[in-house]
Amino acid sequence: LDETNVGRAVKRISQVQSASTMEANQRIYDDIVNYFSLRQDGFTSSLTVKIIDFDHPENNIFRATNQYQVLGHSDKIIPDIVLFVNGLPLVTIECKSPTINRPLEHGINDLIGYQKAAPRLFEYNQVLVATSGAKTAYSAIDADARFFHRWRIPYPISKEEIQAITGNKPNGQDILLASLCEPARFLDFVRNFTAFETDQGRTVKKIARYQQVRAVNKAMERIKKADSRKSRGGVIWHTQGSGKSLTMLWLALKLRRPEESVNLGEMENPTVIIVTDRRDLDKQITGTFKRCGFPNPVTAKDSEHLRQLLKDGAKKTILTTVQKFQTQDDKPYPELSRDSNIVIMVDEAHRTQYKGLATNMRTALPNAVYFGFSGTPIDKKDRSTPRTFGTYIDTYTIQESVADNATVEIRYDARLPNLH
């Protein structure tokens with residue numbers, strides 16, 4: 001870029017005209033993650049501008065500040081720590097003493113208040129963190145306090161590795177910072193685990209919880225390192241309400257992102273097929289993909305349309321119900337593609353995956369890689385989710401969800417009724 005275009009790029013990212021903080025945040029995020037282009041004299045095509053180099057983290061400048069002062073509408077705010085990448089304030093951390101009453105709650109309330117007092121800072125924000133040492137929670141901008149979640153289990157780093165860094169037994173703060181804020185892992189999180197979902201005219205920013213990051217990255221690793229086609233797939237066992245639709249979205253996003261899929265060998269730039277077994281689930285997942293701005297998902301209208309989409313094999317993302325893999329006039333289901341770079345994600349994989357329709361799907365796509373998503377996998381003599389899809393890739397049980405305060409604990413008192 002020449003000096004003129006450097007000035008244009010800086011102005012574009014630093015002077016965003018918008019009606020709200022969320023709108024500015026979404027526009028800046030799009031420019032950072034998906035890049036933008038500028039015309040320049042002497043070049044036949046536009047030049048791509050990368051504010052952050054996601055593919056080579058070492059090319060970026062990472063800075064942490066203490067007591068960073070920001071002038072707000074009427075007064076200044078002073079967040080305890082702000083993390084910058086190439087001069088952009090992407091993380092705001094508020095620290096509270098563990099000796100005060102409800103420290104985490106105070107930290108979260110301060111972060112919510114800062115956004116109202118000095119919204120300009122949060123146009124760039126990708127993660128908010130409140131911490132009191134032992135207890136730490138994170139969320140996206142504009143979130144209520146109930147959407148601040150813990151990063152309870154370290155990944156991909158272990159507790160032993162964290163202890164070697166800190167010299168102490170890891171607490172909640174250590175686990176979140178080591179898992180999320182190491183530079184390469186943080187850039188991966190920003191690029192691949194954020195979604196803007198518009199519902200009834202309101203835009204909501206969603207960032208992944210730790211089990212979603214873990215499941216997606218472990219699935220990608222399995223595809224890369226599997227020694228055979230059959231062992232590339234597997235089961236992701238995540239309890240109900242843990243965000244399986246968004247996990248599928250982020251896995252599809254990674255699989256279809258050219259910079260990510262280039263490391264998948266023969267699986268580079270795959271066709272991705274999302275399969276459900278009920279129309280309401282199909283509508284729900286299709287809505288999630290479209291509302292989150294996933295590029296060009298195609299919904300199969302009927303069985304004939306599905307066959308045509310599978311025959312084309314044009315590196316699409318296809319959403320369908322398993323019922324559309326039905327035969328016509330009792331004829332055997334045809335083979336539609338022998339491509340090996342097809343990834344099929346099956347929602348509620350413990351159902352409808354052991355007989356006719358599932359057999360038709362595997363007949364149509366014999367070399368595809370299958371991932372089964374389920375909150376209640378089964379392992380019986382005649383029906384087994386692991387035997388059908390492969391070994392478990394990641395598990396997140398209801399007990400873990402309760403420990404994360406994401407699922408309300410149910411208590412009951414068992415009694416015998418008085419009968420007359």
# chains A, B, ... in the order shown; residues from 1 in each chain; ligands from 1

call {"tool": "select_by_dssp", "arguments": {"residues": "region 118-194 of chain A", "states": "strand (DSSP E or B)", "output": "MDAnalysis selection string"}}
result
chainID A and resid 127:131 136:139 149 194

call {"tool": "residues_around", "arguments": {"residues": "Phe193 (chain A)", "least_positions_apart": "4", "cutoff": "6 Å", "atoms": "only C-alpha atoms", "output": "mmCIF file with all heavy atoms, in the first residue's frame"}}
result
data_model
loop_
_atom_site.group_PDB
_atom_site.id
_atom_site.type_symbol
_atom_site.label_atom_id
_atom_site.label_comp_id
_atom_site.auth_asym_id
_atom_site.auth_seq_id
_atom_site.Cartn_x
_atom_site.Cartn_y
_atom_site.Cartn_z
ATOM 1 N N PHE A 189 -9.693 -17.745 18.043
ATOM 2 C CA PHE A 189 -10.999 -17.532 18.678
ATOM 3 C C PHE A 189 -11.733 -16.378 18.000
ATOM 4 O O PHE A 189 -12.913 -16.490 17.659
ATOM 5 C CB PHE A 189 -10.811 -17.238 20.170
ATOM 6 C CG PHE A 189 -12.081 -17.106 20.950
ATOM 7 C CD1 PHE A 189 -12.722 -18.231 21.448
ATOM 8 C CD2 PHE A 189 -12.648 -15.862 21.189
ATOM 9 C CE1 PHE A 189 -13.902 -18.121 22.168
ATOM 10 C CE2 PHE A 189 -13.819 -15.736 21.906
ATOM 11 C CZ PHE A 189 -14.461 -16.866 22.402
ATOM 12 N N ILE A 207 -20.199 -15.329 21.214
ATOM 13 C CA ILE A 207 -18.873 -15.935 21.138
ATOM 14 C C ILE A 207 -18.928 -17.303 21.815
ATOM 15 O O ILE A 207 -19.776 -17.568 22.658
ATOM 16 C CB ILE A 207 -17.797 -15.041 21.786
ATOM 17 C CG1 ILE A 207 -18.125 -14.724 23.246
ATOM 18 C CG2 ILE A 207 -17.624 -13.763 20.992
ATOM 19 C CD1 ILE A 207 -17.036 -13.889 23.947
ATOM 20 N N ALA A 208 -18.024 -18.174 21.401
ATOM 21 C CA ALA A 208 -18.107 -19.581 21.794
ATOM 22 C C ALA A 208 -17.763 -19.790 23.258
ATOM 23 O O ALA A 208 -16.957 -19.065 23.848
ATOM 24 C CB ALA A 208 -17.168 -20.413 20.929
#

call {"tool": "closest_atom_pairs", "arguments": {"of": "region 187-233 of chain A", "to": "region 242-257 of chain A", "cutoff": "7 Å", "atoms": "only C-alpha atoms", "output": "JSON lines"}}
result
{"residue": "A:Asn192", "atom": "CA", "partner": "A:Trp250", "partner_atom": "CA", "distance": 6.4}
{"residue": "A:Phe193", "atom": "CA", "partner": "A:Trp250", "partner_atom": "CA", "distance": 6.1}
{"residue": "A:Gln212", "atom": "CA", "partner": "A:Thr247", "partner_atom": "CA", "distance": 5.4}
{"residue": "A:Val216", "atom": "CA", "partner": "A:Leu251", "partner_atom": "CA", "distance": 5.3}

call {"tool": "closest_atom_pairs", "arguments": {"of": "region 274-346 of chain A", "to": "region 194-200 of chain A", "cutoff": "12 Å", "atoms": "only C-alpha atoms", "output": "JSON lines"}}
result
{"residue": "A:Gly287", "atom": "CA", "partner": "A:Glu197", "partner_atom": "CA", "distance": 9.5}
{"residue": "A:Thr288", "atom": "CA", "partner": "A:Glu197", "partner_atom": "CA", "distance": 7.5}
{"residue": "A:Phe289", "atom": "CA", "partner": "A:Glu197", "partner_atom": "CA", "distance": 8.9}
{"residue": "A:Lys290", "atom": "CA", "partner": "A:Glu197", "partner_atom": "CA", "distance": 8.5}
{"residue": "A:Arg291", "atom": "CA", "partner": "A:Glu197", "partner_atom": "CA", "distance": 5.0}
{"residue": "A:Cys292", "atom": "CA", "partner": "A:Glu197", "partner_atom": "CA", "distance": 4.5}
{"residue": "A:Gly293", "atom": "CA", "partner": "A:Phe196", "partner_atom": "CA", "distance": 7.3}
{"residue": "A:Phe294", "atom": "CA", "partner": "A:Ala195", "partner_atom": "CA", "distance": 8.9}

call {"tool": "closest_residue", "arguments": {"among": "A:Asp379, A:Glu58, A:Glu23, A:Glu304", "to": "Lys324 (chain A)", "atoms": "only C-alpha atoms"}}
result
A:Glu304

call {"tool": "closest_residue", "arguments": {"among": "A:Asn60, A:Gln323, A:Thr166, A:Thr92", "to": "Leu187 (chain A)", "atoms": "only C-alpha atoms"}}
result
A:Asn60

call {"tool": "closest_residue", "arguments": {"among": "A:Asp302, A:Val85, A:Arg214, A:Ile78", "to": "Gly113 (chain A)", "atoms": "only C-alpha atoms"}}
result
A:Ile78

call {"tool": "residues_around", "arguments": {"residues": "Asp282 (chain A)", "least_positions_apart": "6", "cutoff": "8 Å", "atoms": "only C-alpha atoms", "output": "MDAnalysis selection string"}}
result
chainID A and resid 275:276 319:321

call {"tool": "closest_residue", "arguments": {"among": "A:Glu160, A:Ser337, A:Ala219, A:Arg152", "to": "Tyr370 (chain A)", "atoms": "only C-alpha atoms"}}
result
A:Ala219

call {"tool": "residues_around", "arguments": {"residues": "Tyr138 (chain A)", "least_positions_apart": "4", "cutoff": "7 Å", "atoms": "only C-alpha atoms", "output": "PyMOL selection string"}}
result
chain A and resi 127-130+148-150

call {"tool": "atom_distance", "arguments": {"atom1": "CA of Lys316 (chain A)", "atom2": "CA of Val190 (chain A)"}}
result
24.0 Å

call {"tool": "closest_residue", "arguments": {"among": "A:Tyr124, A:Tyr392, A:Phe43, A:Tyr155", "to": "Val16 (chain A)", "atoms": "only C-alpha atoms"}}
result
A:Tyr124

call {"tool": "select_by_dssp", "arguments": {"residues": "region 154-320 of chain A", "states": "helix (DSSP H, G or I)", "output": "NGL selection string"}}
result
:A and (159-166 or 172-180 or 183-192 or 210-225 or 230-232 or 244-256 or 258-267 or 279-291 or 303-312)

call {"tool": "closest_residue", "arguments": {"among": "A:Leu83, A:Trp151, A:Asn168, A:Val402", "to": "Val213 (chain A)", "atoms": "only C-alpha atoms"}}
result
A:Trp151

call {"tool": "atom_distance", "arguments": {"atom1": "CA of Lys116 (chain A)", "atom2": "CA of Leu71 (chain A)"}}
result
12.0 Å
